[in-house]
Amino acid sequence: MTNSSSNMSKLVEVLTRLTANGQRFETAVDGLSLFCRDTPSDALTGAYWPSVCIIAQGRKQVWLGEQTFVYDSKHFLLSGLHLPVVAQVIEASETKPYLGMTLKLDYAEITQLMAQCELGQIPNQKSDVGMFTGRLDESLTDAFYRLALLLEQEEDIAVLAPMLRREIFYRVLMSEQGVKLRQLAALGSSSQQVAKAMNWLKDNFALPLKVSELAAKVNMGVSTFHHHFRVMTTMSPIQYQKQLRLQEARRLMLSDNMDAANAAFQVGYESASQFSREYSRIFGLPPLKDVIALRQQLAS
C-alpha cells in the first residue's frame, strides 16, 4: 500500500495540537514520545533506544558511524538497538514545523507476534546494521494516527494503547523491511547475542572492558563477535563503550552540574586529559565549553 495523504494530514493536525507548548513530550502511552521543532537543528550527538520513529511533517538525518539515514513523512526509521548517533532535523519551519513520534520497541511482545504469525524462520541469518528505514504505508500511518488520538482521550489509553502498540509492531514486522526486525528479535541469532552484549555494556560501561570476556558472556568467539558487533553498530565494542561513557559524562555535567574531572571518574576514566581529548573529538568542544554552549541553546 502507498502512504495515505489523508491520514498523514490528520496526524499533522493532531500532533500540532498536542505539541503546542514545547519541543519534546513523554506521553501517557508507555514508550511513546512526541517531538516538535520549528527550525532546523544543529547536528547533535545522542543515542537512539530500540524504537520505531515516524515524521508527520519535516525531515531528519541520522548518522550511525559512517552510515547515513534520512527519513520523512514517507519513511519510518527503526533503531533495533541502543545506538550512539548524530542526528539533525534538516527540514522545519514556523509554518511547517517538524513533527515526529517515537515508540519504543518491546521485544517480548514482538517475539510473541512472530510466534503467533509463524514468522520464526529467517531466510538470511547474517547480521545486518541495527538501524534501517522503510516505506511508511497507509496501515502504519493509520495506526500511529489512532495512537496519537488516544492522547486526547486519556480514559481509553489503558485499554486501547496496548492493542495499538501491538498493531504497530505487527505492521513493521509485515513490512518490506520486516525481516530485519525479525532477525533482531529472533532468539539465539547472532543479532540477539550482540544485542545482549550491548545491553551488558550499557549497564556496565564504567567497568574495564575485555572484549574476550564479553564475547564469552554471549557464547561467541572473539573474531566472530568483533565482526557481528561492527556490522550491527558500525563501531567496535571499545568505540561503543567510549560513546556510552562520554554521553553519560555529558549528561552528568549538564543535568547534575558535575565538574568534568568527577564526571570523567564517574564513567570510568582514570585520566582527565584523556577524557578531555576524547570528549572534544566526539562533541567538537572541550567539556566545559560544550556544556556552556548546550545550556545557552536550551535557554534560547
# chains A, B, ... in the order shown; residues from 1 in each chain; ligands from 1
call {"tool": "select_by_dssp", "arguments": {"residues": "range 10-184 of chain A", "states": "alpha helix (DSSP H)", "output": "PyMOL selection string"}}
result
chain A and resi 10-18+107-116+138-150+157-173+178-184
call {"tool": "residues_around", "arguments": {"residues": "Met198 in chain A", "least_positions_apart": "3", "cutoff": "12 Å", "atoms": "only C-alpha atoms", "output": "PyMOL selection string"}}
result
chain A and resi 49-50+80-84+130+191-195+201-205+211+214-215+217-218+225+228-230+232-233+235-241+244
call {"tool": "closest_residue", "arguments": {"among": "A:Lys104, A:Lys180, A:Lys74, A:His227", "to": "Ser33 in chain A", "atoms": "only C-alpha atoms"}}
result
A:Lys104
call {"tool": "select_by_dssp", "arguments": {"residues": "range 11-86 of chain A", "states": "strand (DSSP E)", "output": "tab-separated table (two decimals) with C-alpha atoms, in the first residue's frame"}}
result
chain	number	residue	atom	x	y	z
A	24	ARG	CA	9.54	17.15	23.30
A	25	PHE	CA	6.95	15.22	25.28
A	26	GLU	CA	6.91	11.92	27.09
A	32	LEU	CA	5.60	6.98	23.19
A	33	SER	CA	7.30	10.37	22.75
A	34	LEU	CA	6.32	13.36	20.61
A	35	PHE	CA	8.63	15.94	19.03
A	36	CYS	CA	8.11	19.39	17.53
A	37	ARG	CA	10.60	21.89	16.14
A	44	LEU	CA	23.58	16.69	17.85
A	45	THR	CA	25.28	13.68	19.40
A	46	GLY	CA	22.96	11.37	21.31
A	47	ALA	CA	21.52	7.87	21.37
A	48	TYR	CA	18.50	6.10	19.91
A	51	SER	CA	12.29	2.22	18.74
A	52	VAL	CA	10.29	2.91	15.60
A	53	CYS	CA	10.22	6.59	14.61
A	54	ILE	CA	7.96	8.41	12.18
A	55	ILE	CA	7.75	12.00	10.94
A	56	ALA	CA	4.39	13.54	10.09
A	57	GLN	CA	5.99	16.73	8.76
A	59	ARG	CA	12.76	15.68	7.58
A	60	LYS	CA	15.57	14.31	9.73
A	61	GLN	CA	19.03	12.89	9.10
A	62	VAL	CA	20.78	10.39	11.38
A	63	TRP	CA	24.43	9.30	11.20
A	64	LEU	CA	25.41	5.93	12.66
A	67	GLN	CA	26.22	5.32	7.52
A	68	THR	CA	23.55	7.97	6.95
A	69	PHE	CA	19.78	7.55	7.25
A	70	VAL	CA	17.26	10.15	6.10
A	71	TYR	CA	13.56	9.82	6.89
A	75	HIS	CA	9.57	6.69	5.51
A	76	PHE	CA	9.91	5.36	9.06
A	77	LEU	CA	13.19	4.78	10.86
A	78	LEU	CA	13.75	1.79	13.12
A	79	SER	CA	16.57	1.56	15.64
A	83	LEU	CA	22.81	3.08	19.27
A	84	PRO	CA	25.02	6.18	19.70
A	85	VAL	CA	24.22	8.50	16.79
A	86	VAL	CA	24.45	12.04	15.48
call {"tool": "closest_residue", "arguments": {"among": "A:Gly22, A:Tyr170, A:Ala43, A:Val291", "to": "Ser255 in chain A", "atoms": "only C-alpha atoms"}}
result
A:Val291
call {"tool": "atom_distance", "arguments": {"atom1": "CA of Gly58 in chain A", "atom2": "CA of Glu91 in chain A"}}
result
4.9 Å
call {"tool": "residues_around", "arguments": {"residues": "Asp290 in chain A", "least_positions_apart": "2", "cutoff": "12 Å", "atoms": "only C-alpha atoms", "output": "count of residues only"}}
result
25
call {"tool": "closest_residue", "arguments": {"among": "A:Leu149, A:Ala264, A:Ala216, A:Met8", "to": "Ala197 in chain A", "atoms": "only C-alpha atoms"}}
result
A:Ala216
call {"tool": "atom_distance", "arguments": {"atom1": "CA of Ala143 in chain A", "atom2": "CA of Ser189 in chain A"}}
result
29.4 Å
